[in-house]
Amino acid sequence: MEEKLKVAIQKSGRLSEKSLELFAECSINLPSGIGKLITVASDFPVEILFLRDDDIPQYVADGVADVGIVGENVIYEKTKPIEVVEKLGFGKCRMSLAIPKQEDYPGISYFNGKKIATSYPNILQEFLDKNKIKAEIHEISGSVEIAPGIGLADTIFDIVSSGSTLFMNNLKEVEIILESEAVMISYLNLSGAKKKILDNLLFRFRSVQKAKKNKYILLNVPNDKIKVVSDIIPGMKSPSIVPLTKPGWSSLHSVVNENDFWDVIGKLQEYGAQGILVIPIEKMIV
């Protein structure tokens with residue numbers, strides 16, 4: 001029987017859809033089915049377990065799942081014996097303290113004597129201890145933002161993405177305690193066969209992630225500007241250069257990092273580049 005890597009992902013929530021998208025982008029076909037708790041890929045040796053996000057670290061630590069995709073915030077809160085093997089670049093958020101909008105905020109001393117509602121008491125307690133703040137932690141699950149409005153707590157500590165939920169509940173973010181994103185975690189004692197499958201899976205993940213961070217660029221440049229333009233867009237090794245039928249001109253093909261894209265385009269235009277085409281990259285293997 002073929003060995004399969006058991007991968008735990010959220011059955012619902014902010015990381016569930018993105019996790020499934022990542023598998024699809026890696027050409028791993030997962031049969032769909034509403035309410036399924038387990039599904040097996042038809043073209044890659046993985047079995048997907050759909051679990052509550054808070055349970056994933058425990059399942060991985062116990063070896064019930066070999067690996068899991070979960071937010072760093074959950075790992076820090078649960079403190080289970082697992083290994084983080086890859087940051088996945090999606091599900092980015094921050095864990096922050098927020099207070100009522102109308103309140104003045106003099107600094108973290110504000111929280112002395114306050115009642116703070118949160119679903120992450122361990123992370124919060126560590127922060128309070130580190131800063132010698134004496135506050136009462138009120139642990140609740142879900143809808144933390146409504147706690148001050150209904151008199152359950154004075155302030156909150158929770159996940160923040162856009163900040164719109166805080167705004168709608170008349171709260172403002174005042175202290176960022178932790179930056180978080182989705183990561184892949186692993187059981188500490190994976191077998192050799194499962195490590196090999198995991199390596200192959202991570203290879204696909206990385207190829208997709210690198211592609212998202214880069215653009216394929218094609219442009220026409222005067223031949224006397226090839227050297228300076230090649231220095232601006234060196235690509236993975238060097239640009240491809242194709243002579244055009246128009247004398248004195250060539251077409252350059254290269255790769256540009258998404259973060260540098262607009263600065264690079266401006267410089268290329270300065271050196272006479274024309275007919276600039278930008279194409280998304282599906283996979284990138286270097």
# chains A, B, ... in the order shown; residues from 1 in each chain; ligands from 1
$ closest_atom_pairs --of "range 175-236 of chain A" --to "range 254-273 of chain A" --cutoff "12 Å" --atoms "only C-alpha atoms" --output "JSON lines"
{"residue": "A:Gln209", "atom": "CA", "partner": "A:Glu258", "partner_atom": "CA", "distance": 11.8}
{"residue": "A:Lys210", "atom": "CA", "partner": "A:Asn257", "partner_atom": "CA", "distance": 9.3}
{"residue": "A:Ala211", "atom": "CA", "partner": "A:Asn257", "partner_atom": "CA", "distance": 9.3}
{"residue": "A:Lys212", "atom": "CA", "partner": "A:Glu258", "partner_atom": "CA", "distance": 8.0}
{"residue": "A:Lys213", "atom": "CA", "partner": "A:Glu258", "partner_atom": "CA", "distance": 5.2}
{"residue": "A:Asn214", "atom": "CA", "partner": "A:Asn257", "partner_atom": "CA", "distance": 4.3}
{"residue": "A:Lys215", "atom": "CA", "partner": "A:Val256", "partner_atom": "CA", "distance": 5.3}
{"residue": "A:Tyr216", "atom": "CA", "partner": "A:Val255", "partner_atom": "CA", "distance": 4.6}
{"residue": "A:Ile217", "atom": "CA", "partner": "A:Ser254", "partner_atom": "CA", "distance": 5.4}
{"residue": "A:Leu218", "atom": "CA", "partner": "A:Ser254", "partner_atom": "CA", "distance": 6.6}
{"residue": "A:Leu219", "atom": "CA", "partner": "A:Ala273", "partner_atom": "CA", "distance": 6.3}
{"residue": "A:Asn220", "atom": "CA", "partner": "A:Ala273", "partner_atom": "CA", "distance": 5.6}
{"residue": "A:Val221", "atom": "CA", "partner": "A:Ala273", "partner_atom": "CA", "distance": 4.7}
{"residue": "A:Pro222", "atom": "CA", "partner": "A:Gly272", "partner_atom": "CA", "distance": 7.0}
{"residue": "A:Asn223", "atom": "CA", "partner": "A:Gly272", "partner_atom": "CA", "distance": 10.4}
{"residue": "A:Asp224", "atom": "CA", "partner": "A:Tyr271", "partner_atom": "CA", "distance": 9.8}
{"residue": "A:Lys225", "atom": "CA", "partner": "A:Tyr271", "partner_atom": "CA", "distance": 6.7}
{"residue": "A:Ile226", "atom": "CA", "partner": "A:Tyr271", "partner_atom": "CA", "distance": 9.4}
{"residue": "A:Lys227", "atom": "CA", "partner": "A:Tyr271", "partner_atom": "CA", "distance": 10.7}
{"residue": "A:Val228", "atom": "CA", "partner": "A:Tyr271", "partner_atom": "CA", "distance": 8.1}
{"residue": "A:Val229", "atom": "CA", "partner": "A:Leu268", "partner_atom": "CA", "distance": 6.6}
{"residue": "A:Ser230", "atom": "CA", "partner": "A:Ser254", "partner_atom": "CA", "distance": 8.8}
{"residue": "A:Asp231", "atom": "CA", "partner": "A:Leu268", "partner_atom": "CA", "distance": 10.6}
{"residue": "A:Ile232", "atom": "CA", "partner": "A:Val264", "partner_atom": "CA", "distance": 6.9}
{"residue": "A:Ile233", "atom": "CA", "partner": "A:Ser254", "partner_atom": "CA", "distance": 6.4}
{"residue": "A:Pro234", "atom": "CA", "partner": "A:Ser254", "partner_atom": "CA", "distance": 7.0}
{"residue": "A:Gly235", "atom": "CA", "partner": "A:Val255", "partner_atom": "CA", "distance": 4.6}
{"residue": "A:Met236", "atom": "CA", "partner": "A:Val255", "partner_atom": "CA", "distance": 6.9}
$ residues_around --residues "range 62-71 of chain A" --least-positions-apart "4" --cutoff "10 Å" --atoms "only C-alpha atoms" --output "ChimeraX atom specification"
/A:4-10,14-16,19,47-58,75-76,80-88,90-93,180-191,194-195,198
$ atom_distance --atom1 "CA of Tyr120 in chain A" --atom2 "CA of Thr165 in chain A"
17.6 Å
$ closest_residue --among "A:Ile197, A:Ala135, A:Leu171, A:Ile116" --to "Glu103 in chain A" --atoms "only C-alpha atoms"
A:Leu171
$ atom_distance --atom1 "CA of Leu97 in chain A" --atom2 "CA of Ile150 in chain A"
17.6 Å
$ residues_around --residues "Ser96 in chain A" --least-positions-apart "2" --cutoff "7 Å" --atoms "only C-alpha atoms" --output "ChimeraX atom specification"
/A:94,98,157-160,173,175-177
$ write_last_selection --atoms "C-alpha atoms" --output "mmCIF file, in the first residue's frame"
data_model
loop_
_atom_site.group_PDB
_atom_site.id
_atom_site.type_symbol
_atom_site.label_atom_id
_atom_site.label_comp_id
_atom_site.auth_asym_id
_atom_site.auth_seq_id
_atom_site.Cartn_x
_atom_site.Cartn_y
_atom_site.Cartn_z
ATOM 1 C CA ARG A 94 -1.416 40.546 13.767
ATOM 2 C CA ALA A 98 -7.570 47.190 21.343
ATOM 3 C CA PHE A 157 -6.725 41.059 22.700
ATOM 4 C CA ASP A 158 -7.448 39.412 19.354
ATOM 5 C CA ILE A 159 -6.467 38.751 15.745
ATOM 6 C CA VAL A 160 -6.549 41.825 13.500
ATOM 7 C CA GLU A 173 -5.837 49.041 17.952
ATOM 8 C CA GLU A 175 -0.513 47.579 20.753
ATOM 9 C CA ILE A 176 0.670 44.940 18.264
ATOM 10 C CA ILE A 177 1.908 41.936 20.239
#
$ select_by_dssp --residues "range 29-120 of chain A" --states "strand (DSSP E)" --output "JSON, numbers by chain"
{"A": [38, 39, 40, 46, 47, 48, 49, 50, 51, 67, 68, 69, 70, 71, 83, 84, 85, 86, 87, 93, 94, 95, 96, 97, 98, 99, 100, 115, 116, 117, 118]}
$ residues_around --residues "Ile241 in chain A" --least-positions-apart "2" --cutoff "9 Å" --atoms "only C-alpha atoms" --output "VMD selection string"
chain A and resid 226 239 243 250 to 253
$ atom_distance --atom1 "CA of Tyr105 in chain A" --atom2 "CA of Ile133 in chain A"
14.9 Å
$ residues_around --residues "Ala147 in chain A" --least-positions-apart "2" --cutoff "12 Å" --atoms "only C-alpha atoms" --output "PyMOL selection string"
chain A and resi 98-100+115-119+138-145+149-158+166+169-171
$ select_by_dssp --residues "range 200-238 of chain A" --states "helix (DSSP H, G or I)" --output "ChimeraX atom specification"
/A:200-212,223-232
$ write_last_selection --atoms "C-alpha atoms" --output "short mmCIF file (atom, residue, chain, number, x, y, z; two decimals), in the first residue's frame"
data_model
loop_
_atom_site.label_atom_id
_atom_site.label_comp_id
_atom_site.auth_asym_id
_atom_site.auth_seq_id
_atom_site.Cartn_x
_atom_site.Cartn_y
_atom_site.Cartn_z
CA ASN A 200 8.29 16.97 -2.66
CA LEU A 201 5.23 18.83 -1.38
CA LEU A 202 7.33 21.76 -0.11
CA PHE A 203 9.16 21.85 -3.44
CA ARG A 204 5.81 22.43 -5.17
CA PHE A 205 4.71 24.98 -2.57
CA ARG A 206 7.95 26.97 -3.00
CA SER A 207 7.71 26.93 -6.79
CA VAL A 208 4.21 28.42 -6.62
CA GLN A 209 5.17 30.99 -3.98
CA LYS A 210 8.24 32.17 -5.93
CA ALA A 211 6.10 32.55 -9.02
CA LYS A 212 3.63 34.79 -7.17
CA ASN A 223 21.03 47.73 -28.80
CA ASP A 224 23.22 50.43 -27.27
CA LYS A 225 21.10 50.21 -24.09
CA ILE A 226 21.20 46.41 -23.70
CA LYS A 227 24.00 46.47 -21.10
CA VAL A 228 22.41 49.07 -18.81
CA VAL A 229 18.94 47.50 -19.11
CA SER A 230 20.39 44.04 -18.39
CA ASP A 231 21.84 45.44 -15.17
CA ILE A 232 18.38 46.68 -14.16
#
